[in-house]
$ cat entry_19.tsv   # TSV, C-alpha atoms
chain	number	residue	atom	x	y	z
B	17	MET	CA	-14.96	45.12	2.63
B	18	ALA	CA	-11.72	44.24	0.81
B	19	LEU	CA	-8.21	45.29	-0.17
B	20	VAL	CA	-6.90	44.03	-3.52
B	21	LEU	CA	-3.26	44.33	-4.60
B	22	ILE	CA	-2.37	44.29	-8.29
B	23	CYS	CA	1.20	43.03	-8.51
B	24	GLY	CA	3.61	42.66	-11.41
B	25	GLN	CA	6.58	43.92	-13.38
B	26	PRO	CA	6.45	47.41	-14.91
B	27	CYS	CA	4.33	47.42	-18.09
B	28	SER	CA	2.86	43.97	-17.42
B	29	GLY	CA	-0.79	44.97	-17.86
B	30	LYS	CA	-1.61	45.79	-14.24
B	31	SER	CA	-3.76	48.86	-14.96
B	32	THR	CA	-5.77	46.90	-17.50
B	33	VAL	CA	-6.38	44.21	-14.88
B	34	ALA	CA	-7.34	46.80	-12.25
B	35	ASP	CA	-9.80	48.47	-14.60
B	36	CYS	CA	-11.30	45.13	-15.66
B	37	LEU	CA	-11.69	44.00	-12.06
B	38	LYS	CA	-13.33	47.29	-11.09
B	39	ARG	CA	-15.84	47.10	-13.95
B	40	THR	CA	-16.64	43.47	-13.18
B	41	LEU	CA	-17.23	44.20	-9.50
B	42	GLN	CA	-19.42	47.21	-10.27
B	43	SER	CA	-21.54	45.07	-12.59
B	44	GLN	CA	-22.40	42.65	-9.79
B	45	PRO	CA	-26.07	43.24	-8.87
B	46	SER	CA	-25.56	41.96	-5.33
B	47	LEU	CA	-22.63	44.27	-4.60
B	48	ASP	CA	-23.55	47.57	-2.94
B	49	ARG	CA	-20.02	48.63	-2.00
B	50	ASN	CA	-17.92	51.45	-3.42
B	51	VAL	CA	-15.07	50.22	-5.64
B	52	ARG	CA	-12.04	52.49	-5.96
B	53	VAL	CA	-8.62	52.23	-7.61
B	54	VAL	CA	-5.62	53.76	-5.83
B	55	ASP	CA	-2.62	54.34	-8.10
B	56	GLU	CA	0.10	56.90	-8.83
B	57	PRO	CA	-1.86	58.94	-11.43
B	58	SER	CA	-4.87	59.28	-9.09
B	59	LEU	CA	-2.51	60.85	-6.53
B	60	HIS	CA	-0.86	63.07	-9.19
B	61	LEU	CA	2.47	61.24	-8.93
B	62	ASP	CA	4.89	60.85	-11.83
B	63	ARG	CA	6.21	57.29	-11.92
B	64	ASN	CA	9.61	58.13	-13.39
B	65	ARG	CA	10.24	60.77	-10.75
B	66	CYS	CA	8.97	58.52	-7.96
B	67	TYR	CA	11.22	55.62	-8.97
B	68	ALA	CA	14.26	57.75	-9.84
B	69	ASP	CA	16.03	56.95	-6.56
B	70	MET	CA	15.46	55.06	-3.32
B	71	PRO	CA	14.33	58.07	-1.19
B	72	SER	CA	11.73	59.01	-3.82
B	73	GLU	CA	10.54	55.41	-4.10
B	74	LYS	CA	10.28	55.11	-0.32
B	75	ASN	CA	8.24	58.30	-0.24
B	76	LEU	CA	5.95	56.93	-2.98
B	77	ARG	CA	5.24	53.78	-1.01
B	78	GLY	CA	4.53	55.90	2.06
B	79	VAL	CA	2.01	58.04	0.17
B	80	LEU	CA	0.25	55.00	-1.28
B	81	ARG	CA	0.20	53.24	2.09
B	82	SER	CA	-1.28	56.31	3.80
B	83	GLU	CA	-3.99	56.58	1.15
B	84	VAL	CA	-4.83	52.89	1.57
B	85	ASP	CA	-4.91	53.28	5.35
B	86	ARG	CA	-7.39	56.16	5.02
B	87	SER	CA	-9.55	54.38	2.46
B	88	VAL	CA	-9.74	50.71	3.45
B	89	SER	CA	-12.92	49.84	5.33
B	90	LYS	CA	-15.70	47.28	5.54
B	91	ASP	CA	-17.83	49.48	3.27
B	92	SER	CA	-15.56	49.63	0.21
B	93	ILE	CA	-13.28	47.64	-2.07
B	94	ILE	CA	-9.89	49.26	-2.60
B	95	ILE	CA	-7.77	48.14	-5.57
B	96	VAL	CA	-4.09	49.15	-5.32
B	97	ASP	CA	-2.76	49.43	-8.88
B	98	SER	CA	1.00	49.75	-8.43
B	99	LEU	CA	4.11	47.61	-8.74
B	100	ASN	CA	3.74	46.28	-5.18
B	101	ASN	CA	7.07	44.66	-5.97
B	102	ILE	CA	8.55	44.43	-2.46
B	103	LYS	CA	7.29	41.57	-0.29
B	104	GLY	CA	7.85	43.61	2.87
B	105	TYR	CA	5.61	46.34	1.46
B	106	ARG	CA	2.91	43.81	0.57
B	107	TYR	CA	3.11	42.61	4.16
B	108	GLU	CA	2.53	46.16	5.42
B	109	LEU	CA	-0.58	46.49	3.25
B	110	TRP	CA	-1.78	43.07	4.43
B	111	CYS	CA	-1.48	44.33	8.02
B	112	LEU	CA	-3.68	47.32	7.14
B	113	ALA	CA	-6.33	44.95	5.78
B	114	ARG	CA	-6.11	42.77	8.88
B	115	ALA	CA	-6.39	45.79	11.19
B	116	ALA	CA	-9.50	46.91	9.29
B	117	GLY	CA	-10.98	43.39	9.40
B	118	THR	CA	-11.52	43.18	5.62
B	119	ARG	CA	-10.92	40.59	2.92
B	120	TYR	CA	-7.59	40.62	1.09
B	121	CYS	CA	-6.16	39.13	-2.09
B	122	VAL	CA	-3.39	39.58	-4.65
B	123	LEU	CA	-3.73	39.55	-8.45
B	124	TYR	CA	-0.38	38.84	-10.09
B	125	CYS	CA	0.33	39.70	-13.73
B	126	ASP	CA	2.81	36.99	-14.69
B	127	VAL	CA	4.56	38.30	-17.80
B	128	GLU	CA	8.06	37.59	-19.10
B	129	GLU	CA	10.52	40.46	-19.03
B	130	SER	CA	10.85	40.54	-22.82
B	131	PHE	CA	7.13	41.27	-23.27
B	132	CYS	CA	7.18	43.98	-20.59
B	133	LYS	CA	10.18	45.59	-22.25
B	134	ALA	CA	8.50	45.51	-25.68
B	135	TRP	CA	5.29	47.02	-24.29
B	136	ASN	CA	7.24	49.79	-22.55
B	137	LYS	CA	9.11	50.54	-25.79
B	138	ALA	CA	5.84	50.74	-27.72
B	139	ARG	CA	4.45	53.20	-25.19
B	140	GLN	CA	7.55	55.36	-25.52
B	141	GLU	CA	7.19	55.46	-29.31
B	142	GLN	CA	3.49	56.35	-29.04
B	143	GLY	CA	4.12	59.10	-26.50
B	144	GLU	CA	2.14	57.33	-23.79
B	145	LEU	CA	3.03	56.99	-20.12
B	146	SER	CA	6.13	54.79	-19.88
B	147	TYR	CA	9.25	54.15	-17.84
B	148	ASP	CA	12.73	55.43	-18.67
B	149	ASP	CA	14.93	52.52	-19.76
B	150	LYS	CA	17.28	52.78	-16.78
B	151	ILE	CA	14.41	52.89	-14.28
B	152	PHE	CA	12.66	49.99	-16.06
B	153	GLU	CA	15.75	47.77	-15.84
B	154	ASP	CA	16.23	48.59	-12.16
B	155	LEU	CA	12.61	47.80	-11.26
B	156	VAL	CA	12.70	44.50	-13.16
B	157	ARG	CA	15.88	43.48	-11.37
B	158	ARG	CA	14.46	44.19	-7.90
B	159	PHE	CA	11.03	42.62	-8.39
B	160	GLU	CA	10.08	40.06	-5.71
B	161	LYS	CA	7.58	37.57	-7.08
B	162	PRO	CA	4.58	36.84	-4.85
B	163	ASP	CA	4.36	33.40	-3.24
B	164	SER	CA	0.97	31.97	-2.24
B	165	ARG	CA	2.62	30.29	0.76
B	166	ASN	CA	3.00	33.74	2.34
B	167	ARG	CA	0.00	35.09	4.23
B	168	TRP	CA	0.43	38.48	2.60
B	169	ASP	CA	0.40	36.94	-0.89
B	170	SER	CA	-2.66	34.77	-0.33
B	171	PRO	CA	-5.08	34.14	-1.86
B	172	LEU	CA	-3.11	34.65	-5.07
B	173	PHE	CA	-4.82	34.88	-8.48
B	174	VAL	CA	-2.46	34.69	-11.46
B	175	LEU	CA	-3.08	36.24	-14.89
B	176	LYS	CA	-0.93	35.95	-18.02
B	177	PRO	CA	-1.73	39.06	-20.12
B	178	ALA	CA	0.92	38.12	-22.72
B	179	GLU	CA	-0.86	34.83	-23.45
B	180	GLU	CA	-4.52	35.79	-23.20
B	181	GLN	CA	-6.42	39.05	-23.29
B	182	THR	CA	-7.55	40.32	-19.91
B	183	GLN	CA	-11.34	40.42	-19.82
B	184	GLU	CA	-14.22	39.87	-17.44
B	185	SER	CA	-14.36	36.18	-18.33
B	186	SER	CA	-10.68	35.58	-17.51
B	187	SER	CA	-10.45	32.78	-14.95
B	188	ALA	CA	-8.39	34.82	-12.46
B	189	ILE	CA	-10.86	37.72	-12.65
B	190	VAL	CA	-13.81	35.37	-12.18
B	191	GLU	CA	-12.15	33.67	-9.19
B	192	ALA	CA	-11.18	36.99	-7.60
B	193	VAL	CA	-14.69	38.43	-7.99
B	194	SER	CA	-16.17	35.25	-6.52
B	195	PHE	CA	-13.83	35.51	-3.53
B	196	LEU	CA	-14.53	39.22	-2.98
B	197	THR	CA	-18.32	38.98	-3.28
B	198	LYS	CA	-18.90	35.63	-1.59
B	199	LYS	CA	-21.94	35.80	0.67
B	200	ILE	CA	-21.97	34.14	4.06
B	201	ASP	CA	-24.68	33.20	6.50
B	202	THR	CA	-25.18	35.88	9.15
B	203	LYS	CA	-24.56	33.28	11.86
B	204	SER	CA	-21.32	32.06	10.33
B	205	ARG	CA	-17.87	33.55	10.61
B	206	ASP	CA	-16.50	35.04	7.40
B	207	MET	CA	-13.42	32.88	6.82
B	208	CYS	CA	-12.41	35.08	3.87
B	209	GLN	CA	-12.12	38.09	6.14
B	210	LEU	CA	-8.91	38.83	8.01
B	211	GLN	CA	-9.40	39.00	11.76
B	212	PRO	CA	-7.80	41.94	13.60
B	213	THR	CA	-5.71	41.23	16.67
B	214	ILE	CA	-4.83	43.39	19.66
B	215	ALA	CA	-1.46	44.06	17.98
B	216	THR	CA	-3.04	45.38	14.78
B	217	GLN	CA	-6.19	47.04	16.04
B	218	THR	CA	-6.17	50.81	16.21
B	219	VAL	CA	-7.25	52.17	19.56
B	220	ARG	CA	-10.44	54.16	19.11
B	221	ALA	CA	-9.73	57.89	19.02
B	222	SER	CA	-12.33	58.57	21.69
B	223	GLU	CA	-10.39	56.37	24.11
B	224	THR	CA	-7.46	58.79	24.41
B	225	ASN	CA	-9.35	61.01	26.84
B	226	SER	CA	-10.91	57.96	28.52
B	227	LEU	CA	-7.51	56.49	29.36
B	228	TYR	CA	-6.38	59.86	30.65
B	229	GLU	CA	-9.44	60.07	32.91
B	230	LEU	CA	-8.80	56.51	34.09
B	231	ASP	CA	-5.21	57.30	34.99
B	232	ARG	CA	-6.12	60.48	36.85
B	233	ALA	CA	-9.12	58.97	38.67
B	234	THR	CA	-7.20	55.95	39.96
B	235	GLN	CA	-4.42	58.20	41.20
B	236	ASP	CA	-7.01	60.28	43.10
B	237	VAL	CA	-8.29	57.12	44.80
B	238	ILE	CA	-4.74	56.14	45.82
B	239	ASN	CA	-4.11	59.62	47.25
B	240	THR	CA	-7.38	59.48	49.22
B	241	LEU	CA	-6.47	56.10	50.73
B	242	ILE	CA	-2.96	57.22	51.70
B	243	ASP	CA	-4.27	60.44	53.30
B	244	ALA	CA	-6.97	58.53	55.22
B	245	GLN	CA	-4.47	56.06	56.62
B	246	ALA	CA	-2.10	58.85	57.58
B	247	GLN	CA	-4.85	60.64	59.47
B	248	GLY	CA	-5.71	57.40	61.28
B	249	TYR	CA	-2.20	57.29	62.74
B	250	GLY	CA	-1.75	53.64	61.84
B	251	GLY	CA	-5.06	52.49	63.31
B	252	LEU	CA	-7.59	50.36	61.46
B	253	LEU	CA	-10.16	52.20	59.36
B	254	LYS	CA	-13.78	51.17	59.13
B	255	GLY	CA	-14.01	52.53	55.64
B	256	VAL	CA	-12.70	55.23	53.34
B	257	SER	CA	-15.29	57.32	51.55
B	258	LEU	CA	-14.52	58.48	48.03
B	259	GLY	CA	-17.49	60.82	47.80
B	260	GLU	CA	-21.19	60.82	47.11
B	261	GLY	CA	-22.43	58.04	44.85
B	262	LEU	CA	-19.18	56.07	45.10
B	263	PRO	CA	-18.60	52.80	47.02
B	264	THR	CA	-16.71	52.86	50.30
B	265	ILE	CA	-13.33	51.15	50.36
B	266	ASN	CA	-13.14	48.90	53.41
B	267	ILE	CA	-9.64	47.96	54.47
B	268	GLN	CA	-8.98	45.84	57.53
B	269	ARG	CA	-5.21	46.34	57.47
B	270	THR	CA	-2.67	48.95	56.58
B	271	VAL	CA	-2.05	48.99	52.84
B	272	GLY	CA	1.24	50.57	51.82
B	273	LEU	CA	1.85	52.82	48.83
B	274	PRO	CA	3.90	50.19	46.89
B	275	GLU	CA	1.02	47.69	47.09
B	276	LEU	CA	-1.54	50.31	46.06
B	277	ARG	CA	0.60	51.33	43.10
B	278	ARG	CA	0.92	47.70	42.02
B	279	LEU	CA	-2.86	47.21	42.20
B	280	ARG	CA	-3.38	50.43	40.26
B	281	ARG	CA	-0.99	49.39	37.47
B	282	THR	CA	-2.70	46.01	37.16
B	283	PHE	CA	-6.15	47.59	37.05
B	284	VAL	CA	-5.16	50.11	34.36
B	285	LYS	CA	-3.51	47.37	32.28
B	286	LEU	CA	-6.52	45.06	32.51
B	287	THR	CA	-8.91	47.87	31.62
B	288	GLY	CA	-6.79	48.90	28.62
B	289	GLN	CA	-6.64	45.33	27.28
B	290	THR	CA	-10.39	44.93	27.66
B	291	SER	CA	-10.98	48.13	25.66
B	292	LEU	CA	-9.17	46.67	22.63
B	293	SER	CA	-11.33	43.56	22.43
B	294	GLY	CA	-14.56	44.75	24.01
B	295	PRO	CA	-16.19	47.84	25.50
B	296	PRO	CA	-14.19	51.06	25.87
B	297	PRO	CA	-12.79	52.14	29.24
B	298	PRO	CA	-14.90	54.41	31.52
B	299	LYS	CA	-15.47	57.82	29.95
B	300	ASP	CA	-15.61	59.89	33.14
B	301	ALA	CA	-13.80	60.11	36.47
B	302	GLN	CA	-16.77	58.94	38.54
B	303	SER	CA	-17.14	55.71	36.58
B	304	ALA	CA	-13.40	55.08	36.76
B	305	LYS	CA	-13.33	55.62	40.53
B	306	ARG	CA	-16.32	53.32	41.00
B	307	MET	CA	-14.67	50.54	38.99
B	308	PHE	CA	-11.34	50.96	40.77
B	309	ALA	CA	-13.00	50.95	44.19
B	310	ASP	CA	-14.82	47.72	43.38
B	311	TYR	CA	-11.54	46.24	42.14
B	312	LEU	CA	-9.70	47.22	45.33
B	313	ASN	CA	-12.42	45.79	47.55
B	314	GLN	CA	-12.26	42.55	45.62
B	315	GLU	CA	-8.45	42.30	45.63
B	316	LEU	CA	-8.16	43.23	49.29
B	317	GLY	CA	-10.71	40.54	50.13
B	318	THR	CA	-13.32	42.71	51.81
B	319	THR	CA	-16.34	42.23	49.53

$ encode --input "entry_19.tsv" --output "structure tokens"
Amino acid sequence: MALVLICGQPCSGKSTVADCLKRTLQSQPSLDRNVRVVDEPSLHLDRNRCYADMPSEKNLRGVLRSEVDRSVSKDSIIIVDSLNNIKGYRYELWCLARAAGTRYCVLYCDVEESFCKAWNKARQEQGELSYDDKIFEDLVRRFEKPDSRNRWDSPLFVLKPAEEQTQESSSAIVEAVSFLTKKIDTKSRDMCQLQPTIATQTVRASETNSLYELDRATQDVINTLIDAQAQGYGGLLKGVSLGEGLPTINIQRTVGLPELRRLRRTFVKLTGQTSLSGPPPPKDAQSAKRMFADYLNQELGTT
């Protein structure tokens, strides 16, 4: 249903926002979707170790991205409680939401560095989860602030935890919940929902074998046509039979292998493109041969 990114400097109140948003969503009587928070602790990851160097940080983002990819769907709301400090990474997560056809938004904890530093120091003194000073300074320096003009940062809801306590009545929380739970008429298009494109859609797993069958079946048809023409010694054929239950291919002229290969490539390409935006390709060889035979008859102008 939705992917929500919590974005902000280290120790800027992101986990508090994520927890508040989750509780507010779960309290909505009209919401029957599962709400889940994905963060480092839930994946048993230590933040100081994960941000100790660039390879470790890259691995952390990969783990979080994989978990989001597995979890995001039209039946759940996934809240990513992490720094989400790199705009390129936010774009990658936005692409996952678009591929899944779900809603997407960003909640930004806008807090000055001095407050974040003081909160991190207090956590260190109290023995709570905190960042090492060196890691904290590095993360603050590299933070890329979200910009609502970017598709992957929009819609953007801004909170200021240093100025007001984060609670269910906070304006950003109220606006985000309204956006995530907005009902639409069944006949209307959900404008809040990202629309997948051919570039972002994942090919259905069941289509792997279907495309293999399509490739093999069309090649069998080509071989049958070439053999039939060879046996005719260059004469015209009344029709080439592909077998019981399949249409006859009627060719009134000699059709060379290069032309048949070109027609086959075009047919396979068209069928593959159709499968991404509509019905899947034929699931068995017989259906594939029937479709290809009809296509050849049409292209060769004999129907």

$ residues_near_point --input "entry_19.tsv" --point "(-9.4, 56.0, 1.8)" --cutoff "12 Å" --atoms "all atoms listed in the file" --output "MDAnalysis selection string"
chainID B and resid 19 50:54 59 79:96 112 116

$ residues_around --input "entry_19.tsv" --residues "range 168-182 of chain B" --least-positions-apart "5" --cutoff "8 Å" --atoms "only C-alpha atoms" --output "PDB file with C-alpha atoms, keeping the file's coordinate frame"
ATOM      1  CA  SER B  28       2.860  43.970 -17.420  1.00  0.00           C
ATOM      2  CA  GLY B  29      -0.790  44.970 -17.860  1.00  0.00           C
ATOM      3  CA  THR B  32      -5.770  46.900 -17.500  1.00  0.00           C
ATOM      4  CA  VAL B  33      -6.380  44.210 -14.880  1.00  0.00           C
ATOM      5  CA  CYS B  36     -11.300  45.130 -15.660  1.00  0.00           C
ATOM      6  CA  ARG B 106       2.910  43.810   0.570  1.00  0.00           C
ATOM      7  CA  TYR B 107       3.110  42.610   4.160  1.00  0.00           C
ATOM      8  CA  TRP B 110      -1.780  43.070   4.430  1.00  0.00           C
ATOM      9  CA  TYR B 120      -7.590  40.620   1.090  1.00  0.00           C
ATOM     10  CA  CYS B 121      -6.160  39.130  -2.090  1.00  0.00           C
ATOM     11  CA  VAL B 122      -3.390  39.580  -4.650  1.00  0.00           C
ATOM     12  CA  LEU B 123      -3.730  39.550  -8.450  1.00  0.00           C
ATOM     13  CA  TYR B 124      -0.380  38.840 -10.090  1.00  0.00           C
ATOM     14  CA  CYS B 125       0.330  39.700 -13.730  1.00  0.00           C
ATOM     15  CA  ASP B 126       2.810  36.990 -14.690  1.00  0.00           C
ATOM     16  CA  VAL B 127       4.560  38.300 -17.800  1.00  0.00           C
ATOM     17  CA  PHE B 131       7.130  41.270 -23.270  1.00  0.00           C
ATOM     18  CA  PRO B 162       4.580  36.840  -4.850  1.00  0.00           C
ATOM     19  CA  ASP B 163       4.360  33.400  -3.240  1.00  0.00           C
ATOM     20  CA  ALA B 188      -8.390  34.820 -12.460  1.00  0.00           C
ATOM     21  CA  ILE B 189     -10.860  37.720 -12.650  1.00  0.00           C
ATOM     22  CA  GLU B 191     -12.150  33.670  -9.190  1.00  0.00           C
ATOM     23  CA  ALA B 192     -11.180  36.990  -7.600  1.00  0.00           C
TER      24      ALA B 192
END

$ residues_near_point --input "entry_19.tsv" --point "(-5.0, 58.0, 43.2)" --cutoff "12 Å" --atoms "all atoms listed in the file" --output "VMD selection string"
chain B and resid 229 to 243 258 273 276 to 281 284 301 304 to 305 308 to 309 312

$ closest_residue --input "entry_19.tsv" --among "B:Lys161, B:Ile267, B:Cys27, B:Asp310" --to "Glu144 in chain B" --atoms "only C-alpha atoms"
B:Cys27

$ closest_residue --input "entry_19.tsv" --among "B:Ala115, B:Ala68, B:Leu99, B:Leu76" --to "Ile22 in chain B" --atoms "only C-alpha atoms"
B:Leu99

$ residues_around --input "entry_19.tsv" --residues "Glu160 in chain B" --least-positions-apart "5" --cutoff "8 Å" --atoms "only C-alpha atoms" --output "NGL selection string"
:B and (101-103)
